$ cat input12.txt   # compact mmCIF, C-alpha atoms
# COMPACT_ATOMS: atom_id res chain seq x y z
CA MET A 7 -36.99 43.69 94.60
CA ASN A 8 -36.55 41.03 91.94
CA PRO A 9 -34.77 42.86 89.12
CA LEU A 10 -33.39 41.64 85.84
CA ASN A 11 -30.41 39.35 85.90
CA TYR A 12 -28.04 40.12 83.04
CA THR A 13 -24.67 38.49 82.43
CA THR A 14 -21.84 40.82 81.42
CA ASN A 15 -18.08 40.29 81.36
CA HIS A 16 -16.32 42.80 83.61
CA THR A 17 -12.87 44.14 82.76
CA SER A 18 -10.09 45.17 85.12
CA HIS A 19 -10.43 48.58 86.81
CA SER A 20 -8.02 51.09 88.24
CA ASP A 21 -9.82 53.21 90.84
CA SER A 22 -11.48 52.41 94.15
CA ASN A 23 -14.87 52.29 92.47
CA GLY A 24 -13.69 49.65 89.96
CA THR A 25 -14.18 51.70 86.77
CA SER A 26 -11.56 54.05 85.39
CA PRO A 27 -12.63 57.34 83.73
CA GLU A 28 -11.51 55.97 80.36
CA GLN A 29 -13.57 52.83 80.77
CA LEU A 30 -16.53 54.85 81.97
CA LEU A 31 -16.47 57.01 78.84
CA ARG A 32 -16.19 53.91 76.66
CA ILE A 33 -19.21 52.31 78.33
CA ILE A 34 -21.29 55.48 78.07
CA PHE A 35 -20.40 56.05 74.43
CA GLU A 36 -20.99 52.42 73.44
CA TYR A 37 -24.37 52.09 75.09
CA THR A 38 -25.81 55.54 74.42
CA THR A 39 -25.07 55.05 70.72
CA LYS A 40 -26.93 51.73 70.73
CA ILE A 41 -29.81 53.16 72.77
CA ALA A 42 -30.18 56.16 70.45
CA ASN A 43 -30.58 53.82 67.44
CA GLU A 44 -33.05 51.45 69.12
CA ARG A 45 -36.83 51.72 68.72
CA THR A 46 -38.01 48.74 70.75
CA LEU A 47 -38.75 49.39 74.41
CA VAL A 48 -37.69 45.94 75.63
CA ASN A 49 -34.32 46.29 73.90
CA VAL A 50 -33.80 49.78 75.30
CA LEU A 51 -34.48 48.54 78.82
CA LEU A 52 -31.97 45.74 78.31
CA LEU A 53 -29.30 48.14 77.02
CA MET A 54 -29.91 50.61 79.82
CA ALA A 55 -29.70 47.91 82.46
CA ASN A 56 -26.47 46.53 81.03
CA MET A 57 -24.98 50.02 80.83
CA GLY A 58 -25.73 50.73 84.47
CA ARG A 59 -24.47 47.32 85.51
CA GLU A 60 -21.12 47.75 83.76
CA MET A 61 -20.63 51.32 84.96
CA ILE A 62 -20.84 50.44 88.66
CA MET A 63 -20.07 46.68 88.55
CA ALA A 64 -23.43 45.62 89.96
CA ASP A 65 -24.53 42.00 90.10
CA ARG A 66 -28.00 42.92 88.83
CA CYS A 67 -29.52 46.03 87.33
CA THR A 68 -32.93 46.91 85.92
CA VAL A 69 -35.00 49.83 84.73
CA TRP A 70 -38.42 50.40 86.26
CA LEU A 71 -41.21 52.36 84.56
CA ILE A 72 -44.44 53.87 85.85
CA ASP A 73 -47.82 52.55 84.74
CA HIS A 74 -50.08 55.46 85.70
CA VAL A 75 -53.24 53.66 84.60
CA ARG A 76 -52.74 50.80 87.03
CA ASP A 77 -50.75 52.74 89.68
CA GLU A 78 -47.91 50.25 89.39
CA LEU A 79 -44.23 50.05 88.62
CA PHE A 80 -43.18 47.50 86.04
CA THR A 81 -40.18 46.19 84.16
CA THR A 82 -40.10 43.90 81.14
CA VAL A 83 -37.70 41.08 81.91
CA ALA A 84 -35.43 39.30 79.45
CA HIS A 85 -34.53 35.58 79.23
CA GLY A 86 -38.10 34.31 79.06
CA VAL A 87 -39.22 35.60 82.46
CA ASP A 88 -42.52 37.43 82.72
CA GLU A 89 -42.55 41.13 83.52
CA ILE A 90 -42.40 42.25 87.16
CA ARG A 91 -45.11 44.51 88.57
CA ILE A 92 -45.29 46.05 92.03
CA PRO A 93 -47.52 48.69 93.65
CA LEU A 94 -46.44 52.23 92.77
CA GLY A 95 -45.09 53.27 96.17
CA SER A 96 -43.60 49.99 97.37
CA GLY A 97 -40.01 49.08 98.13
CA PHE A 98 -36.89 51.12 97.55
CA VAL A 99 -37.77 51.88 93.93
CA GLY A 100 -41.26 53.06 94.87
CA HIS A 101 -39.87 55.33 97.56
CA SER A 102 -37.26 56.78 95.22
CA ILE A 103 -39.80 57.50 92.44
CA THR A 104 -42.34 58.94 94.87
CA THR A 105 -39.85 61.29 96.54
CA GLY A 106 -37.64 61.95 93.52
CA GLU A 107 -34.58 61.17 95.65
CA PRO A 108 -31.83 58.63 94.90
CA ILE A 109 -31.20 55.90 97.46
CA LEU A 110 -27.97 54.18 98.49
CA VAL A 111 -28.37 51.38 101.03
CA GLU A 112 -25.43 49.30 102.26
CA ASP A 113 -27.54 46.68 104.06
CA ALA A 114 -31.04 46.18 102.67
CA TYR A 115 -32.25 43.98 105.53
CA ASN A 116 -31.62 46.72 108.05
CA ASP A 117 -33.85 49.13 106.14
CA PRO A 118 -37.65 48.97 106.67
CA ARG A 119 -38.31 49.92 103.04
CA HIS A 120 -36.90 46.62 101.79
CA ASN A 121 -39.42 44.07 100.55
CA ALA A 122 -37.83 40.66 101.18
CA GLU A 123 -40.71 38.70 99.65
CA ASN A 124 -38.99 38.20 96.31
CA ASP A 125 -35.75 37.15 98.00
CA LEU A 126 -37.65 34.46 99.87
CA ARG A 127 -39.29 33.25 96.66
CA THR A 128 -36.14 33.18 94.50
CA GLY A 129 -33.43 32.45 97.05
CA TYR A 130 -31.51 35.54 95.97
CA ARG A 131 -30.02 37.62 98.81
CA THR A 132 -30.28 41.39 98.36
CA LYS A 133 -27.50 43.23 100.15
CA SER A 134 -26.49 46.64 98.83
CA ILE A 135 -28.87 48.71 96.67
CA ILE A 136 -28.79 51.88 94.60
CA THR A 137 -31.97 53.37 93.15
CA VAL A 138 -31.91 56.51 90.97
CA PRO A 139 -35.04 58.10 89.47
CA PHE A 140 -34.81 59.52 85.96
CA VAL A 141 -36.88 62.20 84.31
CA GLY A 142 -38.35 62.95 80.90
CA ASN A 143 -38.08 66.07 78.78
CA ASP A 144 -40.66 67.92 80.87
CA GLY A 145 -38.85 67.18 84.13
CA SER A 146 -41.38 64.63 85.39
CA ILE A 147 -40.19 61.30 86.78
CA ILE A 148 -40.85 58.42 84.36
CA GLY A 149 -38.99 55.61 86.09
CA ALA A 150 -35.86 54.57 87.93
CA TYR A 151 -32.62 52.65 87.69
CA GLN A 152 -32.04 50.02 90.35
CA ALA A 153 -28.76 48.21 90.94
CA ILE A 154 -28.45 45.26 93.32
CA ASN A 155 -25.29 43.98 95.06
CA LYS A 156 -21.84 45.25 94.24
CA VAL A 157 -19.65 42.61 92.59
CA GLY A 158 -16.95 41.32 94.94
CA THR A 159 -16.80 39.63 98.33
CA ASP A 160 -18.49 41.79 100.97
CA ALA A 161 -18.45 44.74 98.53
CA VAL A 162 -21.01 47.51 98.91
CA PHE A 163 -21.97 50.41 96.68
CA THR A 164 -20.28 53.74 97.30
CA PRO A 165 -21.30 57.38 96.78
CA LEU A 166 -19.19 57.30 93.61
CA ASP A 167 -21.33 54.41 92.33
CA LEU A 168 -24.40 56.51 93.03
CA GLU A 169 -22.86 59.39 91.08
CA TYR A 170 -22.09 57.10 88.14
CA LEU A 171 -25.59 55.56 88.03
CA THR A 172 -27.08 59.06 88.21
CA LEU A 173 -24.92 59.92 85.20
CA ALA A 174 -26.26 56.86 83.36
CA ALA A 175 -29.83 57.91 84.17
CA SER A 176 -29.26 61.40 82.79
CA TYR A 177 -27.84 60.03 79.52
CA ALA A 178 -30.46 57.34 78.97
CA GLY A 179 -33.68 58.86 80.33
CA LYS A 180 -34.37 61.12 77.36
CA SER A 181 -33.82 58.29 74.86
CA LEU A 182 -36.13 56.05 76.85
CA GLU A 183 -38.91 58.63 76.73
CA SER A 184 -38.45 58.94 72.96
CA VAL A 185 -38.85 55.18 72.50
CA MET A 186 -41.90 55.11 74.76
CA LEU A 187 -43.45 57.89 72.65
CA HIS A 188 -42.63 55.96 69.47
CA GLU A 189 -44.35 52.83 70.81
CA GLU A 190 -47.35 54.91 71.87
CA ILE A 191 -47.63 56.24 68.31
CA VAL A 192 -47.42 52.70 66.90
CA ASP A 193 -50.09 51.53 69.36
CA THR A 194 -52.31 54.42 68.29
CA GLN A 195 -51.83 53.52 64.63
CA ARG A 196 -52.74 49.93 65.45
CA ASP A 197 -55.96 51.03 67.15
CA ILE A 198 -56.89 53.26 64.21
CA ILE A 199 -56.19 50.50 61.69
CA LEU A 200 -58.25 47.97 63.63
CA ALA A 201 -61.12 50.45 63.98
CA MET A 202 -61.06 51.23 60.25
CA GLY A 203 -61.02 47.52 59.45
CA GLU A 204 -64.04 46.96 61.68
CA ILE A 205 -65.86 49.81 59.94
CA GLY A 206 -65.29 48.11 56.59
CA GLU A 207 -66.54 44.80 57.91
CA SER A 208 -69.55 46.27 59.73
CA ARG A 209 -70.81 47.84 56.51
CA SER A 210 -71.00 44.41 54.95
CA LYS A 211 -72.40 42.93 58.17
CA GLU A 212 -69.49 40.52 58.55
CA THR A 213 -68.83 38.71 61.81
CA SER A 214 -67.65 40.91 64.66
CA ASN A 215 -64.34 39.11 65.20
CA HIS A 216 -63.48 38.59 61.54
CA VAL A 217 -60.78 41.24 61.44
CA ASN A 218 -59.23 39.99 64.68
CA ARG A 219 -59.05 36.43 63.41
CA VAL A 220 -57.63 37.45 60.03
CA ALA A 221 -54.98 39.49 61.83
CA GLU A 222 -53.95 36.56 64.03
CA TYR A 223 -54.01 34.07 61.14
CA SER A 224 -51.84 36.40 59.05
CA TYR A 225 -49.25 36.59 61.83
CA VAL A 226 -49.02 32.81 62.19
CA LEU A 227 -48.70 32.31 58.43
CA ALA A 228 -46.08 35.07 58.13
CA ILE A 229 -43.95 33.54 60.89
CA GLY A 230 -44.33 30.12 59.28
CA TYR A 231 -43.16 31.60 55.97
CA GLY A 232 -40.02 32.89 57.66
CA LEU A 233 -40.74 36.59 58.05
CA SER A 234 -39.21 38.33 61.05
CA THR A 235 -41.31 38.83 64.14
CA GLU A 236 -41.31 42.58 63.47
CA GLU A 237 -42.58 42.22 59.88
CA ALA A 238 -45.14 39.62 60.92
CA GLU A 239 -46.41 41.97 63.64
CA GLN A 240 -46.74 44.74 61.06
CA LEU A 241 -48.75 42.48 58.76
CA LYS A 242 -50.91 41.51 61.72
CA MET A 243 -51.55 45.22 62.32
CA VAL A 244 -52.54 46.07 58.75
CA SER A 245 -54.40 42.96 57.62
CA PRO A 246 -57.67 44.18 59.25
CA MET A 247 -57.70 46.87 56.55
CA HIS A 248 -58.08 44.36 53.71
CA ASP A 249 -61.75 45.22 53.09
CA ILE A 250 -61.72 48.93 53.99
CA GLY A 251 -62.82 49.72 50.42
CA LYS A 252 -66.24 48.23 51.19
CA VAL A 253 -67.17 51.54 52.80
CA ALA A 254 -67.89 52.81 49.28
CA ILE A 255 -69.89 49.82 48.03
CA PRO A 256 -73.71 50.29 47.98
CA ASP A 257 -75.73 48.51 50.67
CA ALA A 258 -77.85 46.78 48.05
CA VAL A 259 -74.78 44.91 46.87
CA LEU A 260 -73.11 44.37 50.24
CA HIS A 261 -76.25 43.04 51.92
CA LYS A 262 -77.70 41.03 49.05
CA PRO A 263 -78.49 37.54 50.40
CA GLY A 264 -78.34 35.78 47.06
CA LYS A 265 -75.76 35.47 44.30
CA LEU A 266 -74.56 38.73 42.79
CA THR A 267 -75.26 39.51 39.15
CA GLU A 268 -72.28 40.03 36.87
CA GLU A 269 -72.77 43.78 37.11
CA GLU A 270 -73.05 43.67 40.90
CA PHE A 271 -69.93 41.54 41.17
CA GLU A 272 -67.98 44.01 39.06
CA LEU A 273 -69.11 46.72 41.47
CA MET A 274 -68.10 44.59 44.48
CA LYS A 275 -64.63 44.00 43.01
CA ARG A 276 -64.00 47.74 43.09
CA HIS A 277 -63.51 47.59 46.89
CA THR A 278 -59.92 46.45 46.34
CA THR A 279 -59.02 49.49 44.22
CA ILE A 280 -60.98 51.85 46.46
CA GLY A 281 -59.14 50.57 49.53
CA TYR A 282 -55.80 50.90 47.79
CA ASN A 283 -56.51 54.48 46.75
CA LEU A 284 -57.63 55.38 50.29
CA LEU A 285 -54.39 54.15 51.82
CA LYS A 286 -51.61 54.58 49.26
CA ALA A 287 -51.10 58.32 49.73
CA SER A 288 -49.96 57.99 53.34
CA GLY A 289 -46.25 58.35 54.00
CA ARG A 290 -46.49 55.86 56.88
CA ASP A 291 -44.95 52.44 56.20
CA LEU A 292 -47.85 50.69 57.90
CA MET A 293 -50.40 52.41 55.69
CA LYS A 294 -48.39 51.56 52.57
CA MET A 295 -48.37 47.92 53.68
CA ALA A 296 -52.12 48.13 54.32
CA SER A 297 -52.65 49.50 50.80
CA ILE A 298 -50.91 46.44 49.33
CA VAL A 299 -53.09 44.09 51.38
CA ALA A 300 -56.28 45.92 50.33
CA TYR A 301 -55.24 45.89 46.67
CA GLU A 302 -54.03 42.32 46.25
CA HIS A 303 -55.85 40.03 48.70
CA HIS A 304 -58.26 38.88 45.96
CA GLU A 305 -55.56 38.09 43.40
CA LYS A 306 -55.06 34.37 42.69
CA TRP A 307 -51.91 32.35 42.15
CA ASP A 308 -53.07 31.22 38.68
CA GLY A 309 -53.87 34.77 37.54
CA SER A 310 -57.67 34.46 37.63
CA GLY A 311 -58.17 36.91 40.52
CA TYR A 312 -58.85 40.63 40.62
CA PRO A 313 -58.43 43.59 40.25
CA ARG A 314 -55.33 43.20 38.04
CA GLY A 315 -55.13 39.48 37.30
CA LEU A 316 -51.68 39.12 38.86
CA SER A 317 -50.22 35.62 39.16
CA GLY A 318 -47.60 33.75 41.13
CA GLU A 319 -45.00 35.81 42.94
CA ASP A 320 -46.11 38.93 41.09
CA ILE A 321 -48.73 39.02 43.83
CA HIS A 322 -47.12 40.58 46.88
CA LEU A 323 -46.49 38.15 49.73
CA TYR A 324 -48.68 40.27 52.02
CA GLY A 325 -51.60 39.83 49.64
CA ARG A 326 -51.00 36.07 49.31
CA ILE A 327 -50.91 35.61 53.10
CA THR A 328 -54.00 37.72 53.73
CA ALA A 329 -55.87 35.86 50.98
CA ILE A 330 -55.49 32.56 52.84
CA ALA A 331 -56.35 34.12 56.20
CA ASP A 332 -59.41 35.88 54.77
CA VAL A 333 -60.79 32.87 52.87
CA PHE A 334 -60.22 30.49 55.79
CA ASP A 335 -62.19 32.76 58.09
CA ALA A 336 -64.89 33.61 55.54
CA LEU A 337 -65.63 29.97 54.79
CA GLY A 338 -65.84 29.10 58.48
CA SER A 339 -68.22 31.97 59.31
CA ASP A 340 -71.89 32.61 58.69
CA ARG A 341 -72.40 35.32 56.09
CA VAL A 342 -75.52 37.05 54.76
CA TYR A 343 -75.33 34.89 51.64
CA LYS A 344 -74.26 31.51 53.17
CA LYS A 345 -73.88 29.34 56.25
CA ALA A 346 -70.48 28.45 57.70
CA TRP A 347 -68.73 25.48 56.12
CA GLU A 348 -67.66 22.43 58.08
CA LEU A 349 -63.91 22.18 58.67
CA ASP A 350 -63.38 19.11 56.50
CA LEU A 351 -64.93 20.90 53.50
CA ILE A 352 -62.71 23.94 54.09
CA LEU A 353 -59.58 21.79 54.22
CA ARG A 354 -60.59 19.95 51.06
CA LEU A 355 -61.00 23.28 49.26
CA PHE A 356 -57.53 24.41 50.32
CA GLU A 357 -56.06 21.18 48.98
CA GLU A 358 -57.88 21.67 45.68
CA GLU A 359 -56.92 25.35 45.40
CA ARG A 360 -53.22 24.78 46.14
CA GLY A 361 -51.45 26.27 43.12
CA ARG A 362 -54.69 27.68 41.72
CA HIS A 363 -56.13 30.24 44.14
CA PHE A 364 -53.36 30.04 46.71
CA ASP A 365 -49.56 30.07 46.87
CA PRO A 366 -48.61 26.36 47.17
CA ARG A 367 -45.96 27.03 49.79
CA LEU A 368 -48.40 29.01 51.91
CA VAL A 369 -50.98 26.23 51.69
CA ASP A 370 -48.38 23.82 53.06
CA ILE A 371 -47.68 26.28 55.88
CA PHE A 372 -51.43 26.61 56.46
CA PHE A 373 -51.79 22.87 57.07
CA LYS A 374 -48.67 22.75 59.22
CA GLN A 375 -49.95 25.61 61.39
CA LEU A 376 -53.57 24.43 61.42
CA PRO A 377 -53.66 23.62 65.17
CA LYS A 378 -52.63 27.21 65.97
CA LEU A 379 -55.17 28.59 63.51
CA LEU A 380 -57.96 26.55 65.03
CA GLN A 381 -56.97 27.71 68.50
CA ILE A 382 -57.21 31.31 67.30
CA ARG A 383 -60.66 30.59 65.87
CA ASP A 384 -61.77 29.22 69.23
CA ASN A 385 -60.30 32.21 71.10
CA TYR A 386 -62.16 34.70 68.89
CA LYS A 387 -65.52 33.06 68.53
CA ASP A 388 -68.40 35.27 67.46
CA ILE A 389 -71.06 36.03 70.04
CA ASP A 390 -74.60 35.60 68.74
$ encode --input "input12.txt" --output "structure tokens"
Amino acid sequence: MNPLNYTTNHTSHSDSNGTSPEQLLRIIFEYTTKIANERTLVNVLLLMANMGREMIMADRCTVWLIDHVRDELFTTVAHGVDEIRIPLGSGFVGHSITTGEPILVEDAYNDPRHNAENDLRTGYRTKSIITVPFVGNDGSIIGAYQAINKVGTDAVFTPLDLEYLTLAASYAGKSLESVMLHEEIVDTQRDIILAMGEIGESRSKETSNHVNRVAEYSYVLAIGYGLSTEEAEQLKMVSPMHDIGKVAIPDAVLHKPGKLTEEEFELMKRHTTIGYNLLKASGRDLMKMASIVAYEHHEKWDGSGYPRGLSGEDIHLYGRITAIADVFDALGSDRVYKKAWELDLILRLFEEERGRHFDPRLVDIFFKQLPKLLQIRDNYKDID
């Protein structure tokens, strides 16, 4: 195996295992508290691995999960290394998950279940191994702990280490399942939001990848503005909903190839309020964010936008970001009423509209991030 490699300071210990009962309780309490308050799977895996590593003084420790769709085991690895994936039944961890039995091996190279391929690739020498499966609330196996190499010269894991790691698995397994369920719910919300955004765009016969590009542009601009990765990801998720209100606009207006009359334009402007009213009643934070985007993405920095004529920072940042992302993509795409603009004309417009239509700071970020935005546009080209 090639598990995670985490660095932890080890304290002095009083029993033959290396961890006193008092220290064990401290480690369990410290980590289970952190795990219970964490909602990000990667962070939970990191905390669980560090907990197991400290409890039994292992050199390396990781948490493996089952991907039933691909019939694989995987772990998300910290420190910039890509995730590890192996076939479901392979190696010690595969055997342990398949059989539901814990494994303690003093010498990995004398056991036929050991896969030495990763050792050969990395130069790391696997010696002693413990693998402990852990179960979810329904009793089914959802993954396994794996600890590699006891710290100390010629040290090997003991049955007491196995008992301790089993204890860690029992404490952490339920929390892990809860986080996995939370991420599944978020993923489902993301799919629903994207689908609803595509419905709004399809009614107005917009380009098929418009919502995807606006989502990606919004993320880049949000990061450039200084928002956290989490908040930028949330904006990326909800920005496809910016035109959801178009579902209630008549086809004769949406599909009109020429310029709208004043009356038709007033009707078109209603899509912002309609979208806001569709989304605002939800108690979900993502839907509340989506309602802001739907409501304010046509407001302008100088107050000449709609539906409320907001100006400056009275326009929510989410609306200001989505406005730039939406206009940039709209100008560069063929629409029923126009052909796509050339890039130099689009950039000239953004320079002219800095401080009029758009937040000046966001326009500066737009130009700074332009190479990334153009790469996104290339990655999500429309198919004729």
$ residues_around --input "input12.txt" --residues "A:Leu182" --least-positions-apart "6" --cutoff "9 Å" --atoms "all atoms listed in the file" --output "PyMOL selection string"
chain A and resi 41-42+47+50-51+54+142
$ closest_residue --input "input12.txt" --among "A:Thr137, A:Ile92, A:Pro256, A:Asp249" --to "A:Leu273" --atoms "only C-alpha atoms"
A:Pro256
$ residues_near_point --input "input12.txt" --point "(-57.8, 37.1, 46.9)" --cutoff "12 Å" --atoms "all atoms listed in the file" --output "PyMOL selection string"
chain A and resi 248-249+275+277-278+298-317+321-334+336+359+362-365
$ closest_residue --input "input12.txt" --among "A:Val111, A:Asn121, A:Arg91, A:Asp384" --to "A:Leu79" --atoms "all atoms listed in the file"
A:Arg91
$ atom_distance --input "input12.txt" --atom1 "atom CA of A:Arg360" --atom2 "atom CA of A:Gly281"
26.7 Å
$ residues_around --input "input12.txt" --residues "A:Val141" --least-positions-apart "5" --cutoff "12 Å" --atoms "all atoms listed in the file" --output "PDB file with C-alpha atoms, keeping the file's coordinate frame"
ATOM      1  CA  LEU A  71     -41.210  52.360  84.560  1.00  0.00           C
ATOM      2  CA  ILE A  72     -44.440  53.870  85.850  1.00  0.00           C
ATOM      3  CA  ILE A 103     -39.800  57.500  92.440  1.00  0.00           C
ATOM      4  CA  GLY A 106     -37.640  61.950  93.520  1.00  0.00           C
ATOM      5  CA  GLU A 107     -34.580  61.170  95.650  1.00  0.00           C
ATOM      6  CA  SER A 146     -41.380  64.630  85.390  1.00  0.00           C
ATOM      7  CA  ILE A 147     -40.190  61.300  86.780  1.00  0.00           C
ATOM      8  CA  ILE A 148     -40.850  58.420  84.360  1.00  0.00           C
ATOM      9  CA  GLY A 149     -38.990  55.610  86.090  1.00  0.00           C
ATOM     10  CA  ALA A 150     -35.860  54.570  87.930  1.00  0.00           C
ATOM     11  CA  TYR A 151     -32.620  52.650  87.690  1.00  0.00           C
ATOM     12  CA  THR A 172     -27.080  59.060  88.210  1.00  0.00           C
ATOM     13  CA  ALA A 174     -26.260  56.860  83.360  1.00  0.00           C
ATOM     14  CA  ALA A 175     -29.830  57.910  84.170  1.00  0.00           C
ATOM     15  CA  SER A 176     -29.260  61.400  82.790  1.00  0.00           C
ATOM     16  CA  TYR A 177     -27.840  60.030  79.520  1.00  0.00           C
ATOM     17  CA  ALA A 178     -30.460  57.340  78.970  1.00  0.00           C
ATOM     18  CA  GLY A 179     -33.680  58.860  80.330  1.00  0.00           C
ATOM     19  CA  LYS A 180     -34.370  61.120  77.360  1.00  0.00           C
ATOM     20  CA  SER A 181     -33.820  58.290  74.860  1.00  0.00           C
ATOM     21  CA  LEU A 182     -36.130  56.050  76.850  1.00  0.00           C
ATOM     22  CA  GLU A 183     -38.910  58.630  76.730  1.00  0.00           C
ATOM     23  CA  SER A 184     -38.450  58.940  72.960  1.00  0.00           C
TER      24      SER A 184
END
$ closest_residue --input "input12.txt" --among "A:Ile90, A:Val69, A:Leu292, A:Ile34" --to "A:Phe140" --atoms "only C-alpha atoms"
A:Val69
$ closest_residue --input "input12.txt" --among "A:Ala254, A:Glu44, A:Glu112, A:Glu78" --to "A:Ser96" --atoms "only C-alpha atoms"
A:Glu78
$ atom_distance --input "input12.txt" --atom1 "atom CA of A:Glu60" --atom2 "atom CA of A:Val99"
19.9 Å
